[in-house]
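**Student:** The following block contains the structure, expressed as structure tokens.
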Amino acid sequence: MVYYAVIDTNVLISAMLKWNSVPGNVLEFTFSGTIVPVLNEHIVHEYREVLSRPKFKFPKDIIDTVVSEIERLGIYIDAPELEVELPDPKDRVFYEVVMEERNTEDAYLVTGNLKHFPEKPFVVTPRQMIDIIVGNMEE
């Protein structure tokens, strides 16, 4: 089974800081093809910009490898702007992309900050995403 998911930048950061973690498992499922990343140019730009911040100390070649692989595996969505109020306006693009993808496929928004998005069953934490995948494997 394949799952479509918009992966919030904070999940990517957490995975890269600690690979043996739940966010790391989300990235492993992405690289193995179980999760198909849903994105657009704005999301890719944010990934590169945030991961390149000096405080994270991620080597440029690692950032390039991870983001390039997500781009290669992902599907690009042109999402219209939505009238939605979010605590952080920069999160809007993640929500717009997941809502557009949900018009054709069941899709999730995986985030470590649930409070930044509307309370919806498809806005999930990395743990919830892993539980959904593993739960369906056991059926």
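Ligands are numbered from 1 in the order shown, chains are lettered A, B, ... in the order of the structure tokens, and residues start at 1 in each chain.
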From a DSSP calculation on the backbone, collect every residue of range 3-136 of chain A in helix (DSSP H, G or I) and output the set as number ranges by chain.

**Tutor:** A: 9-17, 22-31, 41-51, 54-56, 60-73, 89-101, 114-116, 126-136

**Student:** For range 72-76 of chain A, find every residue with an atom within 6 Å (counting only C-alpha atoms), except residues of its own chain fewer than 4 positions away, and show them as a PyMOL selection string.

**Tutor:** chain A and resi 36-40

**Student:** I need the residue nearest Asp131 in chain A from this list: A:Leu82, A:Val22, A:Ile77, A:Met99. Use only C-alpha atoms for the distance.

**Tutor:** A:Val22

**Student:** Show which residues sit within 12 Å of Ser52 in chain A, as a compact mmCIF listing (two decimals) with all heavy atoms, in the first residue's frame. Count only C-alpha atoms, and ignore same-chain residues fewer than 4 positions away.

**Tutor:**
# COMPACT_ATOMS: atom_id res chain seq x y z
N THR A 9 8.46 20.45 7.42
CA THR A 9 9.91 20.63 7.56
C THR A 9 10.41 20.15 8.92
O THR A 9 11.49 19.58 9.02
CB THR A 9 10.29 22.10 7.33
OG1 THR A 9 9.69 22.55 6.12
CG2 THR A 9 11.79 22.27 7.23
N ILE A 13 13.69 17.77 9.75
CA ILE A 13 14.77 18.18 10.65
C ILE A 13 14.96 17.13 11.74
O ILE A 13 16.09 16.69 12.00
CB ILE A 13 14.48 19.56 11.28
CG1 ILE A 13 14.58 20.64 10.21
CG2 ILE A 13 15.45 19.85 12.43
CD1 ILE A 13 14.01 21.97 10.64
N MET A 16 16.63 14.03 10.45
CA MET A 16 18.05 14.20 10.15
C MET A 16 18.90 14.39 11.41
O MET A 16 20.06 14.03 11.43
CB MET A 16 18.25 15.36 9.17
CG MET A 16 17.74 14.99 7.78
SD MET A 16 17.91 16.29 6.57
CE MET A 16 19.69 16.44 6.44
N HIS A 45 11.89 24.53 -1.52
CA HIS A 45 12.72 25.69 -1.16
C HIS A 45 12.84 25.82 0.36
O HIS A 45 13.93 26.05 0.88
CB HIS A 45 12.12 26.98 -1.76
CG HIS A 45 12.87 28.20 -1.40
ND1 HIS A 45 14.09 28.53 -1.96
CD2 HIS A 45 12.60 29.17 -0.49
CE1 HIS A 45 14.53 29.65 -1.42
NE2 HIS A 45 13.64 30.07 -0.53
N GLU A 46 11.73 25.63 1.07
CA GLU A 46 11.78 25.71 2.53
C GLU A 46 12.65 24.59 3.10
O GLU A 46 13.44 24.83 4.02
CB GLU A 46 10.39 25.66 3.17
CG GLU A 46 10.52 25.66 4.68
CD GLU A 46 9.25 25.89 5.46
OE1 GLU A 46 8.46 26.77 5.08
OE2 GLU A 46 9.06 25.16 6.44
N TYR A 47 12.52 23.38 2.59
CA TYR A 47 13.37 22.29 3.06
C TYR A 47 14.84 22.69 2.98
O TYR A 47 15.59 22.61 3.95
CB TYR A 47 13.18 21.03 2.21
CG TYR A 47 11.92 20.23 2.39
CD1 TYR A 47 11.60 19.23 1.48
CD2 TYR A 47 11.05 20.44 3.45
CE1 TYR A 47 10.45 18.46 1.62
CE2 TYR A 47 9.90 19.67 3.60
CZ TYR A 47 9.61 18.69 2.67
OH TYR A 47 8.48 17.93 2.81
N ARG A 48 15.26 23.15 1.79
CA ARG A 48 16.66 23.50 1.59
C ARG A 48 17.09 24.67 2.48
O ARG A 48 18.16 24.64 3.08
CB ARG A 48 16.93 23.84 0.12
CG ARG A 48 16.91 22.63 -0.77
CD ARG A 48 17.41 22.96 -2.18
NE ARG A 48 17.25 21.81 -3.07
CZ ARG A 48 18.06 20.77 -3.10
NH1 ARG A 48 19.09 20.70 -2.29
NH2 ARG A 48 17.84 19.77 -3.93
N PHE A 56 21.93 23.86 12.59
CA PHE A 56 21.76 22.41 12.45
C PHE A 56 23.07 21.71 12.07
O PHE A 56 23.21 20.52 12.30
CB PHE A 56 20.67 22.08 11.43
CG PHE A 56 19.31 22.54 11.87
CD1 PHE A 56 18.59 23.43 11.09
CD2 PHE A 56 18.76 22.10 13.06
CE1 PHE A 56 17.33 23.87 11.48
CE2 PHE A 56 17.50 22.54 13.46
CZ PHE A 56 16.79 23.43 12.67
N LYS A 57 23.98 22.43 11.46
CA LYS A 57 25.28 21.87 11.09
C LYS A 57 25.18 20.65 10.17
O LYS A 57 25.99 19.73 10.23
CB LYS A 57 26.10 21.52 12.34
CG LYS A 57 26.41 22.71 13.23
CD LYS A 57 27.25 22.27 14.43
CE LYS A 57 27.67 23.45 15.26
NZ LYS A 57 26.68 23.93 16.20
N PHE A 58 24.14 20.60 9.32
CA PHE A 58 24.02 19.51 8.36
C PHE A 58 24.97 19.79 7.19
O PHE A 58 24.96 20.88 6.64
CB PHE A 58 22.60 19.37 7.82
CG PHE A 58 21.56 19.02 8.83
CD1 PHE A 58 20.35 19.70 8.86
CD2 PHE A 58 21.76 18.00 9.75
CE1 PHE A 58 19.37 19.38 9.79
CE2 PHE A 58 20.79 17.66 10.68
CZ PHE A 58 19.59 18.37 10.70
N PRO A 59 25.77 18.80 6.80
CA PRO A 59 26.65 19.00 5.63
C PRO A 59 25.81 19.24 4.37
O PRO A 59 24.77 18.61 4.18
CB PRO A 59 27.42 17.69 5.52
CG PRO A 59 27.28 17.04 6.87
CD PRO A 59 25.97 17.50 7.43
N LYS A 60 26.27 20.13 3.51
CA LYS A 60 25.54 20.49 2.30
C LYS A 60 25.26 19.26 1.42
O LYS A 60 24.17 19.14 0.87
CB LYS A 60 26.31 21.55 1.50
CG LYS A 60 25.54 22.03 0.28
CD LYS A 60 26.31 23.04 -0.53
CE LYS A 60 25.57 23.52 -1.76
NZ LYS A 60 24.65 22.64 -2.41
N ASP A 61 26.23 18.35 1.32
CA ASP A 61 26.02 17.18 0.47
C ASP A 61 24.91 16.28 1.02
O ASP A 61 24.16 15.67 0.25
CB ASP A 61 27.32 16.40 0.24
CG ASP A 61 27.92 15.86 1.53
OD1 ASP A 61 27.84 16.53 2.57
OD2 ASP A 61 28.50 14.75 1.48
N ILE A 62 24.78 16.21 2.34
CA ILE A 62 23.71 15.41 2.95
C ILE A 62 22.35 16.07 2.67
O ILE A 62 21.38 15.39 2.30
CB ILE A 62 23.92 15.25 4.48
CG1 ILE A 62 25.25 14.55 4.77
CG2 ILE A 62 22.74 14.52 5.12
CD1 ILE A 62 25.32 13.10 4.33
N ILE A 63 22.28 17.39 2.84
CA ILE A 63 21.04 18.12 2.55
C ILE A 63 20.65 17.89 1.10
O ILE A 63 19.50 17.55 0.81
CB ILE A 63 21.21 19.64 2.82
CG1 ILE A 63 21.45 19.90 4.30
CG2 ILE A 63 20.00 20.42 2.31
CD1 ILE A 63 21.91 21.31 4.64
N ASP A 64 21.62 18.05 0.19
CA ASP A 64 21.33 17.86 -1.24
C ASP A 64 20.84 16.44 -1.53
O ASP A 64 19.89 16.25 -2.29
CB ASP A 64 22.58 18.15 -2.08
CG ASP A 64 22.91 19.63 -2.14
OD1 ASP A 64 22.03 20.46 -1.81
OD2 ASP A 64 24.05 19.96 -2.50
N VAL A 67 17.14 16.01 0.11
CA VAL A 67 16.11 16.78 -0.59
C VAL A 67 15.96 16.31 -2.04
O VAL A 67 14.84 16.19 -2.54
CB VAL A 67 16.39 18.30 -0.50
CG1 VAL A 67 15.37 19.09 -1.32
CG2 VAL A 67 16.37 18.77 0.95

**Student:** Write out as a PDB file with N, CA, C and O atoms, in the first residue's frame each polymer residue whose atoms come within 12 Å of Lys90 in chain A, counting only C-alpha atoms; drop sequence neighbours fewer than 2 positions from it.

**Tutor:**
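Done, and the output landed in part_12.pdb:
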ATOM      1  N   ASP A   8       6.009  17.948   6.796  1.00  0.00           N
ATOM      2  CA  ASP A   8       6.382  19.251   7.319  1.00  0.00           C
ATOM      3  C   ASP A   8       7.892  19.289   7.556  1.00  0.00           C
ATOM      4  O   ASP A   8       8.518  18.268   7.880  1.00  0.00           O
ATOM      5  N   THR A   9       8.458  20.452   7.418  1.00  0.00           N
ATOM      6  CA  THR A   9       9.905  20.625   7.560  1.00  0.00           C
ATOM      7  C   THR A   9      10.407  20.151   8.917  1.00  0.00           C
ATOM      8  O   THR A   9      11.493  19.578   9.021  1.00  0.00           O
ATOM      9  N   HIS A  42       7.690  25.634  -3.429  1.00  0.00           N
ATOM     10  CA  HIS A  42       7.803  26.379  -2.170  1.00  0.00           C
ATOM     11  C   HIS A  42       8.253  25.466  -1.035  1.00  0.00           C
ATOM     12  O   HIS A  42       9.077  25.847  -0.210  1.00  0.00           O
ATOM     13  N   ILE A  43       7.714  24.264  -0.993  1.00  0.00           N
ATOM     14  CA  ILE A  43       8.072  23.310   0.064  1.00  0.00           C
ATOM     15  C   ILE A  43       9.537  22.884  -0.090  1.00  0.00           C
ATOM     16  O   ILE A  43      10.286  22.880   0.878  1.00  0.00           O
ATOM     17  N   HIS A  45      11.894  24.532  -1.516  1.00  0.00           N
ATOM     18  CA  HIS A  45      12.719  25.692  -1.162  1.00  0.00           C
ATOM     19  C   HIS A  45      12.840  25.817   0.356  1.00  0.00           C
ATOM     20  O   HIS A  45      13.932  26.053   0.876  1.00  0.00           O
ATOM     21  N   GLU A  46      11.729  25.631   1.070  1.00  0.00           N
ATOM     22  CA  GLU A  46      11.780  25.711   2.531  1.00  0.00           C
ATOM     23  C   GLU A  46      12.655  24.591   3.105  1.00  0.00           C
ATOM     24  O   GLU A  46      13.440  24.828   4.025  1.00  0.00           O
ATOM     25  N   VAL A  84      -7.488  30.288   4.783  1.00  0.00           N
ATOM     26  CA  VAL A  84      -7.372  29.579   6.049  1.00  0.00           C
ATOM     27  C   VAL A  84      -6.400  30.348   6.929  1.00  0.00           C
ATOM     28  O   VAL A  84      -5.360  30.799   6.471  1.00  0.00           O
ATOM     29  N   GLU A  85      -6.796  30.538   8.177  1.00  0.00           N
ATOM     30  CA  GLU A  85      -5.947  31.236   9.138  1.00  0.00           C
ATOM     31  C   GLU A  85      -5.118  30.203   9.896  1.00  0.00           C
ATOM     32  O   GLU A  85      -5.663  29.290  10.513  1.00  0.00           O
ATOM     33  N   LEU A  86      -3.802  30.343   9.825  1.00  0.00           N
ATOM     34  CA  LEU A  86      -2.913  29.449  10.552  1.00  0.00           C
ATOM     35  C   LEU A  86      -2.006  30.285  11.455  1.00  0.00           C
ATOM     36  O   LEU A  86      -1.697  31.432  11.121  1.00  0.00           O
ATOM     37  N   PRO A  87      -1.565  29.723  12.584  1.00  0.00           N
ATOM     38  CA  PRO A  87      -0.682  30.476  13.483  1.00  0.00           C
ATOM     39  C   PRO A  87       0.590  30.974  12.794  1.00  0.00           C
ATOM     40  O   PRO A  87       1.068  32.061  13.084  1.00  0.00           O
ATOM     41  N   ASP A  88       1.140  30.175  11.887  1.00  0.00           N
ATOM     42  CA  ASP A  88       2.330  30.561  11.149  1.00  0.00           C
ATOM     43  C   ASP A  88       1.972  30.584   9.661  1.00  0.00           C
ATOM     44  O   ASP A  88       1.751  29.533   9.060  1.00  0.00           O
ATOM     45  N   ARG A  92       1.056  27.651   5.586  1.00  0.00           N
ATOM     46  CA  ARG A  92      -0.095  27.605   4.685  1.00  0.00           C
ATOM     47  C   ARG A  92       0.155  26.721   3.468  1.00  0.00           C
ATOM     48  O   ARG A  92      -0.691  25.933   3.068  1.00  0.00           O
ATOM     49  N   VAL A  93       1.343  26.808   2.869  1.00  0.00           N
ATOM     50  CA  VAL A  93       1.630  26.040   1.652  1.00  0.00           C
ATOM     51  C   VAL A  93       1.515  24.536   1.901  1.00  0.00           C
ATOM     52  O   VAL A  93       1.018  23.795   1.050  1.00  0.00           O
ATOM     53  N   PHE A  94       1.921  24.081   3.068  1.00  0.00           N
ATOM     54  CA  PHE A  94       1.824  22.650   3.385  1.00  0.00           C
ATOM     55  C   PHE A  94       0.352  22.220   3.426  1.00  0.00           C
ATOM     56  O   PHE A  94      -0.002  21.169   2.907  1.00  0.00           O
ATOM     57  N   TYR A  95      -0.480  23.054   4.037  1.00  0.00           N
ATOM     58  CA  TYR A  95      -1.905  22.749   4.146  1.00  0.00           C
ATOM     59  C   TYR A  95      -2.577  22.831   2.770  1.00  0.00           C
ATOM     60  O   TYR A  95      -3.386  21.975   2.415  1.00  0.00           O
ATOM     61  N   GLU A  96      -2.224  23.835   1.982  1.00  0.00           N
ATOM     62  CA  GLU A  96      -2.819  23.978   0.649  1.00  0.00           C
ATOM     63  C   GLU A  96      -2.481  22.772  -0.228  1.00  0.00           C
ATOM     64  O   GLU A  96      -3.352  22.259  -0.940  1.00  0.00           O
ATOM     65  N   HIS A 116      -0.356  23.897  14.782  1.00  0.00           N
ATOM     66  CA  HIS A 116      -0.174  24.860  13.705  1.00  0.00           C
ATOM     67  C   HIS A 116      -1.188  24.697  12.576  1.00  0.00           C
ATOM     68  O   HIS A 116      -1.231  25.522  11.668  1.00  0.00           O
ATOM     69  N   PHE A 117      -1.981  23.618  12.635  1.00  0.00           N
ATOM     70  CA  PHE A 117      -2.906  23.308  11.549  1.00  0.00           C
ATOM     71  C   PHE A 117      -4.309  23.043  12.099  1.00  0.00           C
ATOM     72  O   PHE A 117      -4.465  22.713  13.275  1.00  0.00           O
TER      73      PHE A 117
END

**Student:** In Å to one decimal, how far is CA of Val97 in chain A from CA of Ile132 in chain A?

**Tutor:**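 Pair CA of Ile132 in chain A / CA of Val97 in chain A returns 20.5 Å.
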
**Student:** Taking only C-alpha atoms into account, which of A:Met1, A:Ser21, A:Val50, A:Leu27 comes nearest Val66 in chain A?

**Tutor:**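 Comparing A:Met1, A:Ser21, A:Val50, A:Leu27 against Val66 in chain A, the winner is A:Leu27.
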